[in-house]
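Read through the structure below, which is laid out as structure tokens, and then see the notes.
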Amino acid sequence: MEQSTRSELPVGTSAAPSADGVRMQILATEHWSILASRSLGYTDSFSRASMFFSVLSGTVIALALIAQAGRFDSTFFAAALLLLPVVFFVGIVTMARIGNLNAEDARWVMGMNRIRHAYLEMHPELRQYFITSDHDDVRGVLTTFGINAPAPGVHFLADLGHGIQTLPGTIGIITAVVAGAWGALVGVALGADQAVAIGIGAASFLLYVVAQGFFARRAVNSYAQSNKAKFPSPAEDGRETP
């Protein structure tokens with residue numbers, strides 16, 4: 001029977017693909033497109049970070065040469081007061097750009113989770129083989145990223161530790177150090193003694209770290225509110241999370 005059915009097909013043609021097969025091809029194409037977009041985002045993030053570290057290292061080398069030649073005279077303070085704000089500005093815009101790229105990456109992961117949900121709708125028996133999430137809410141996105149926190153803000157110390165280890169967190173700390181150094185130099189230039197200058201530098205550092213944490217948390221909350229989940233994660237009591 002099978003051989004007679006095949007013989008009835010025109011030469012050079014094959015049986016029409018099933019609806020599930022066409023659906024799988026469309027989903028797989030979109031999946032690979034999202035992967036390509038994520039790859040471009042990572043490339044942009046690394047290039048931005050490299051630009052910041054190039055500016056930072058160039059500034060440090062220039063100030064070291066000026067200090068060695070002039071013994072920390074007025075020329076050194078003038079150069080430092082001019083160059084450190086440039087490094088600080090580059091650090092801020094680098095943080096902003098990487099933050100936007102991270103938001104885009106989270107959106108791509110949300111899309112991949114939705115596609116994974118469609119895969120499991122067609123073949124639910126494969127669920128045991130997936131270690132990433134098929135839910136497109138914040139918890140599902142974090143699960144795909146490998147973060148086991150139920151939601152941002154639930155475990156503050158864990159969120160803080162993870163944030164410092166990331167690329168924007170590292171750049172943010174370095175930018176805060178630049179802000180503290182610039183604040184201390186301003187204090188010295190205005191005639192403050194050593195203790196007061198160190199206090200100004202420490203206050204500048206802490207002020208920037210607090211501001212950075214506030215805006216980062218605000219960005220995460222804004223993302224969570226602006227992207228409505230179609231397939232939210234189930235809560236521990238069996239109900240779906242909002």
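So you can find residues: chains in the structure tokens are A, B, ... in the order shown, residues in each start at 1, and ligands are numbered from 1 in order.
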
A:Asn100: which residues within 12 Å, counting only C-alpha atoms, same-chain residues fewer than 3 positions away excluded, as an MDAnalysis selection string? chainID A and resid 41:42 44:45 93:97 103:107 168 216 219:220 223

For the residues selected in the previous step, produce a file with C-alpha atoms as a PDB file, in the first residue's frame.
```pdb
ATOM      1  CA  GLY A  41      23.660  42.777  21.383  1.00  0.00           C
ATOM      2  CA  TYR A  42      26.517  40.979  23.145  1.00  0.00           C
ATOM      3  CA  ASP A  44      27.771  45.827  21.044  1.00  0.00           C
ATOM      4  CA  SER A  45      28.034  45.496  24.840  1.00  0.00           C
ATOM      5  CA  VAL A  93      26.772  56.652  28.623  1.00  0.00           C
ATOM      6  CA  THR A  94      28.341  53.173  28.503  1.00  0.00           C
ATOM      7  CA  MET A  95      26.167  52.113  31.436  1.00  0.00           C
ATOM      8  CA  ALA A  96      23.085  53.573  29.754  1.00  0.00           C
ATOM      9  CA  ARG A  97      23.773  51.815  26.458  1.00  0.00           C
ATOM     10  CA  ALA A 103      16.577  45.258  28.268  1.00  0.00           C
ATOM     11  CA  GLU A 104      16.567  44.217  24.614  1.00  0.00           C
ATOM     12  CA  ASP A 105      18.227  40.919  25.536  1.00  0.00           C
ATOM     13  CA  ALA A 106      15.589  40.262  28.187  1.00  0.00           C
ATOM     14  CA  ARG A 107      12.930  40.873  25.548  1.00  0.00           C
ATOM     15  CA  PRO A 168      27.281  46.904  33.861  1.00  0.00           C
ATOM     16  CA  ALA A 216      18.743  50.104  37.848  1.00  0.00           C
ATOM     17  CA  ALA A 219      14.512  50.087  34.985  1.00  0.00           C
ATOM     18  CA  VAL A 220      13.831  46.481  36.045  1.00  0.00           C
ATOM     19  CA  TYR A 223      10.442  46.416  32.185  1.00  0.00           C
TER      20      TYR A 223
END
```

Each residue of stretch 9-80 of chain A lying at most 10 Å from stretch 169-188 of chain A should get a row with its shortest atom-to-atom pair and the distance in Å to one decimal, counting only C-alpha atoms; could you produce that, ordered by chain and increasing number, as CSV?
```
residue,atom,partner,partner_atom,distance
A:Ala49,CA,A:Ile171,CA,7.7
A:Phe52,CA,A:Ile171,CA,8.4
A:Phe53,CA,A:Ile171,CA,8.8
A:Leu56,CA,A:Val178,CA,9.1
A:Phe77,CA,A:Leu185,CA,7.2
A:Ala78,CA,A:Leu185,CA,9.6
A:Ala80,CA,A:Trp182,CA,7.6
```

Can you write out the residues you just picked, keeping C-alpha atoms, as an mmCIF file, in the first residue's frame?
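Here's the written file out_4.cif:
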```cif
data_model
loop_
_atom_site.group_PDB
_atom_site.id
_atom_site.type_symbol
_atom_site.label_atom_id
_atom_site.label_comp_id
_atom_site.auth_asym_id
_atom_site.auth_seq_id
_atom_site.Cartn_x
_atom_site.Cartn_y
_atom_site.Cartn_z
ATOM 1 C CA ALA A 49 32.926 48.219 27.502
ATOM 2 C CA PHE A 52 35.284 52.719 28.215
ATOM 3 C CA PHE A 53 38.318 50.801 29.487
ATOM 4 C CA LEU A 56 40.058 54.954 31.373
ATOM 5 C CA PHE A 77 45.377 68.951 39.117
ATOM 6 C CA ALA A 78 44.236 70.915 36.062
ATOM 7 C CA ALA A 80 42.903 65.575 36.304
#
```

Could you give me the residues within stretch 56-202 of chain A that DSSP places in alpha helix (DSSP H), as an NGL selection string? :A and (56-70 or 74-122 or 138-145 or 156-165 or 167-189 or 194-202)

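Those residues that approach stretch 131-136 of chain A to within 7 Å, counting only C-alpha atoms, are Met110, Asn113, Arg114, Arg116, His117, Thr143, Thr144, Ala229, Lys230, Phe231, Pro232 and Ser233 of chain A; same-chain residues fewer than 6 positions away are not listed.
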
Dump as a PDB file, in the first residue's frame, selection limited to N, CA and C atoms:
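After the write, out.pdb holds the following:
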```pdb
ATOM      1  N   MET A 110      12.466  36.609  26.462  1.00  0.00           N
ATOM      2  CA  MET A 110      11.023  36.437  26.637  1.00  0.00           C
ATOM      3  C   MET A 110      10.406  35.811  25.385  1.00  0.00           C
ATOM      4  N   ASN A 113      11.313  32.178  25.231  1.00  0.00           N
ATOM      5  CA  ASN A 113      10.497  31.406  26.166  1.00  0.00           C
ATOM      6  C   ASN A 113       9.111  31.120  25.586  1.00  0.00           C
ATOM      7  N   ARG A 114       8.553  32.109  24.864  1.00  0.00           N
ATOM      8  CA  ARG A 114       7.255  31.881  24.234  1.00  0.00           C
ATOM      9  C   ARG A 114       7.351  30.807  23.156  1.00  0.00           C
ATOM     10  N   ARG A 116       9.543  28.418  23.093  1.00  0.00           N
ATOM     11  CA  ARG A 116       9.716  27.149  23.811  1.00  0.00           C
ATOM     12  C   ARG A 116       8.376  26.641  24.339  1.00  0.00           C
ATOM     13  N   HIS A 117       7.507  27.559  24.758  1.00  0.00           N
ATOM     14  CA  HIS A 117       6.174  27.168  25.207  1.00  0.00           C
ATOM     15  C   HIS A 117       5.393  26.531  24.058  1.00  0.00           C
ATOM     16  N   THR A 143      14.820  32.655  35.087  1.00  0.00           N
ATOM     17  CA  THR A 143      15.145  31.233  35.081  1.00  0.00           C
ATOM     18  C   THR A 143      15.972  30.861  33.857  1.00  0.00           C
ATOM     19  N   THR A 144      15.605  31.400  32.706  1.00  0.00           N
ATOM     20  CA  THR A 144      16.378  31.143  31.492  1.00  0.00           C
ATOM     21  C   THR A 144      17.776  31.724  31.596  1.00  0.00           C
ATOM     22  N   ALA A 229       2.961  39.337  30.465  1.00  0.00           N
ATOM     23  CA  ALA A 229       3.222  37.930  30.192  1.00  0.00           C
ATOM     24  C   ALA A 229       1.985  37.255  29.610  1.00  0.00           C
ATOM     25  N   LYS A 230       2.206  36.449  28.570  1.00  0.00           N
ATOM     26  CA  LYS A 230       1.138  35.625  28.008  1.00  0.00           C
ATOM     27  C   LYS A 230       1.109  34.236  28.642  1.00  0.00           C
ATOM     28  N   PHE A 231       2.267  33.794  29.118  1.00  0.00           N
ATOM     29  CA  PHE A 231       2.373  32.478  29.739  1.00  0.00           C
ATOM     30  C   PHE A 231       3.112  32.626  31.066  1.00  0.00           C
ATOM     31  N   PRO A 232       2.468  33.176  32.100  1.00  0.00           N
ATOM     32  CA  PRO A 232       3.160  33.418  33.382  1.00  0.00           C
ATOM     33  C   PRO A 232       3.517  32.129  34.098  1.00  0.00           C
ATOM     34  N   SER A 233       4.526  32.247  34.955  1.00  0.00           N
ATOM     35  CA  SER A 233       4.980  31.088  35.718  1.00  0.00           C
ATOM     36  C   SER A 233       3.952  30.706  36.765  1.00  0.00           C
TER      37      SER A 233
END
```
